[in-house]
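K.L.:
Mind looking over this structure? Questions follow.
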Amino acid sequence: LWKLRTCTRRLPQDIGKERPCLNYHIKQCQAPCQGYISQEEYGKAVAQTLDFLNGKYEPVLSMLEEKGVIEKVYGGARPRHRDIGRPVASFTERNICLTDQKQYIGKLAAQHVNDGDTLYIDSGTTTLTMLPYLAERSVTILSNNLYVIMECMNYPQINVISFGGRLNVKTASLTVDDPAELSRFNITKAFMGTTGISLRSGVTDTFVGESTLKSTITKNSQTRYLLADHTKFELVAVSTYARLSDFDFLVTDLAPSQEYLQYCKEHQLTCCY
């Protein structure tokens, strides 16, 4: 939200000495190293960040509610059920919603990972939460998500493979021009995210380009996991990339409705919650 820098450049001594880094180009930093933001404005952003980290959530929740990103509920907030015409929330805005639920899902999903696995970690704020729980695992991770790639830098025993493509700033991910090229990878387990799940419309995504990529990965992986919190059920986005029955495991935070549980049983889909 506040797009603070994470680099080690010394300011103000180093202002303008080097080009802005990747975080600036994906709109995750305001580049104080280039003087693109005043010292006063940057100090205000730092103060707001500290307030949030110290538990003063109300100003942020009010701002996101005004934007239509979330709706306040008792005990916190949840993503607002999005109309097709409503702008998609940024990765950062979505990442502060339902954090406890996403961490629970990430931890639960990580328990299915074994040393030697080749994993695909999909773009999304839920799949990202798996990484700290893989810190002791010796695995190979394929991903198109910039946050996944950067987070893996903290875990040197993890082998990371990324692929180039067009940057989607909203999802902080890269979309390849020919997803079929990815079929050459022998993916042991794919951990996929979604915008919405519906028994009628299947597993859906907001961006058509990423939907094609997700479909290719799902079809070419040995074991497929769908990670989705309880607010994703009965939501339908623009593009269907798989049927729910295409997955082997559904990992969520609460027990789905009886209709979904019956569907999982009929299609030999293991539901973990």
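Note on naming: chains are A, B, ... as they come in the structure tokens, residues start from 1 per chain, ligands start from 1 in the order shown.
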Any idea what's packed within 12 Å of Cys152 in chain A, counting only C-alpha atoms, ignoring anything in its chain fewer than 2 positions away? Could you give it as a PyMOL selection string?

P.N.:
chain A and resi 121+128-143+145-150+154-162

K.L.:
Using backbone DSSP assignments, extract all strand (DSSP E) residues from range 96-272 of chain A; output them as a ChimeraX atom specification.

P.N.:
/A:118-121,140-143,159-162,166-168,173-175,187-192,196-198,202-205,221-227,239-242,249-251,270-272

K.L.:
From the list A:Ala242, A:Ala237, A:Leu199, A:Gln101, which residue is nearest Cys264 in chain A when using only C-alpha atoms?

P.N.:
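So, comparing all the options, the nearest one is A:Leu199.
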
K.L.:
Could you build a table of the residues in range 25-72 of chain A lying no more than 12 Å from range 168-184 of chain A, giving for each the nearest pair of atoms and their separation in Å rounded to one decimal place, using only C-alpha atoms, ordered by chain and ascending residue number, as CSV?

P.N.:
```
residue,atom,partner,partner_atom,distance
A:His25,CA,A:Val169,CA,9.0
A:Ile26,CA,A:Val169,CA,5.8
A:Lys27,CA,A:Val169,CA,7.4
A:Gln28,CA,A:Val169,CA,9.3
```

K.L.:
Residues of range 85-172 of chain A classed as helix (DSSP H, G or I) by DSSP on the backbone are to be reported as JSON, numbers by chain.

P.N.:
{"A": [91, 92, 93, 94, 95, 99, 100, 101, 102, 103, 104, 105, 106, 107, 108, 109, 110, 127, 128, 129, 130, 131, 132, 133, 134, 146, 147, 148, 149, 150, 151, 152, 153, 154]}

K.L.:
Which residues are near Val60 in chain A? Cut-off 9 Å, only C-alpha atoms, ignore same chain within fewer than 4 positions. Put them as a list in words.

P.N.:
Leu1, Gln48, Phe52, Lys56, Leu64 and Glu65 of chain A

K.L.:
Between CA of Tyr24 in chain A and CA of Pro12 in chain A, what distance in Å does the model show, to one decimal?

P.N.:
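These atoms are spaced 17.4 Å apart.
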
K.L.:
Which value, in Å to one decimal, gives the distance between CA of Glu18 in chain A and CA of Leu50 in chain A?

P.N.:
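Computing it gives 27.7 Å between the two atoms.
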
K.L.:
Got a sec: who's within 8 Å of Thr252 in chain A, counting only C-alpha atoms, leaving out chain neighbours fewer than 5 positions off, as a PyMOL selection string?

P.N.:
chain A and resi 105+227-230+271-273

K.L.:
Output N, CA, C and O atoms for every residue in that selection, as a short mmCIF file (atom, residue, chain, number, x, y, z; two decimals), in the first residue's frame.

P.N.:
```cif
data_model
loop_
_atom_site.label_atom_id
_atom_site.label_comp_id
_atom_site.auth_asym_id
_atom_site.auth_seq_id
_atom_site.Cartn_x
_atom_site.Cartn_y
_atom_site.Cartn_z
N ILE A 105 -4.03 -21.98 5.26
CA ILE A 105 -4.08 -22.76 4.02
C ILE A 105 -2.67 -23.07 3.52
O ILE A 105 -2.37 -24.20 3.11
N LEU A 227 -5.83 -24.09 -3.93
CA LEU A 227 -5.81 -23.37 -2.66
C LEU A 227 -6.80 -22.22 -2.74
O LEU A 227 -6.68 -21.34 -3.60
N ALA A 228 -7.79 -22.20 -1.84
CA ALA A 228 -8.82 -21.16 -1.89
C ALA A 228 -9.47 -21.00 -0.53
O ALA A 228 -9.87 -22.00 0.09
N ASP A 229 -9.57 -19.76 -0.05
CA ASP A 229 -10.26 -19.54 1.22
C ASP A 229 -11.77 -19.59 1.00
O ASP A 229 -12.26 -19.64 -0.14
N HIS A 230 -12.52 -19.55 2.09
CA HIS A 230 -13.96 -19.79 2.02
C HIS A 230 -14.73 -18.73 1.23
O HIS A 230 -15.84 -18.98 0.76
N CYS A 271 -10.71 -33.11 0.20
CA CYS A 271 -10.91 -31.75 0.71
C CYS A 271 -10.20 -31.63 2.06
O CYS A 271 -10.48 -32.37 3.00
N CYS A 272 -9.25 -30.71 2.15
CA CYS A 272 -8.46 -30.50 3.36
C CYS A 272 -8.82 -29.14 3.97
O CYS A 272 -8.78 -28.13 3.27
N TYR A 273 -9.15 -29.13 5.27
CA TYR A 273 -9.47 -27.88 5.95
C TYR A 273 -9.25 -28.02 7.45
O TYR A 273 -8.99 -29.10 7.94
#
```

K.L.:
Name all residues at most 9 Å from Tyr225 in chain A (count only C-alpha atoms; drop same-chain ones fewer than 3 positions away) and give them as an NGL selection string.

P.N.:
:A and (109 or 189-193 or 218 or 247-251)

K.L.:
Store the residues of this selection in a file with N, CA and C atoms, as a short mmCIF file (atom, residue, chain, number, x, y, z; two decimals), in the first residue's frame.

P.N.:
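The resulting file, selection.cif, is reproduced below:
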```
data_model
loop_
_atom_site.label_atom_id
_atom_site.label_comp_id
_atom_site.auth_asym_id
_atom_site.auth_seq_id
_atom_site.Cartn_x
_atom_site.Cartn_y
_atom_site.Cartn_z
N ALA A 109 -1.16 -26.79 3.04
CA ALA A 109 -0.71 -27.25 1.72
C ALA A 109 0.74 -27.69 1.75
N LYS A 189 3.95 -31.60 -8.26
CA LYS A 189 2.77 -31.07 -7.58
C LYS A 189 2.58 -29.61 -7.96
N ALA A 190 1.36 -29.27 -8.37
CA ALA A 190 1.03 -27.89 -8.72
C ALA A 190 0.09 -27.32 -7.67
N PHE A 191 0.43 -26.17 -7.13
CA PHE A 191 -0.40 -25.50 -6.13
C PHE A 191 -0.99 -24.26 -6.79
N MET A 192 -2.26 -24.33 -7.08
CA MET A 192 -2.91 -23.32 -7.90
C MET A 192 -3.84 -22.42 -7.08
N GLY A 193 -3.94 -21.17 -7.53
CA GLY A 193 -4.86 -20.23 -6.92
C GLY A 193 -6.04 -20.00 -7.84
N THR A 218 -2.15 -27.05 -14.97
CA THR A 218 -3.05 -28.01 -14.33
C THR A 218 -3.08 -29.33 -15.10
N PHE A 247 -8.83 -31.38 -10.13
CA PHE A 247 -7.87 -31.32 -9.03
C PHE A 247 -7.95 -32.58 -8.17
N ASP A 248 -6.83 -32.86 -7.51
CA ASP A 248 -6.76 -34.00 -6.60
C ASP A 248 -7.03 -33.60 -5.16
N PHE A 249 -6.68 -32.34 -4.83
CA PHE A 249 -6.86 -31.84 -3.46
C PHE A 249 -7.45 -30.43 -3.52
N LEU A 250 -8.39 -30.16 -2.64
CA LEU A 250 -8.92 -28.82 -2.42
C LEU A 250 -8.52 -28.42 -1.00
N VAL A 251 -7.71 -27.37 -0.88
CA VAL A 251 -7.20 -26.93 0.42
C VAL A 251 -7.84 -25.59 0.76
#
```

K.L.:
For Thr194 in chain A, which residue out of A:Glu151, A:Phe163, A:Gly209, A:Tyr241 is the nearest one, using only C-alpha atoms?

P.N.:
A:Tyr241

K.L.:
Arg10 in chain A: which residues within 12 Å, counting only C-alpha atoms, same-chain residues fewer than 6 positions away excluded, as a list in words?

P.N.:
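Residues meeting the cut-off are Gly16, Lys17, Glu18, Pro32, Cys33 and Gln34 of chain A.
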
K.L.:
Please measure the separation of CA of Asp14 in chain A and CA of Gly35 in chain A, giving the value in Å to one decimal.

P.N.:
10.1 Å
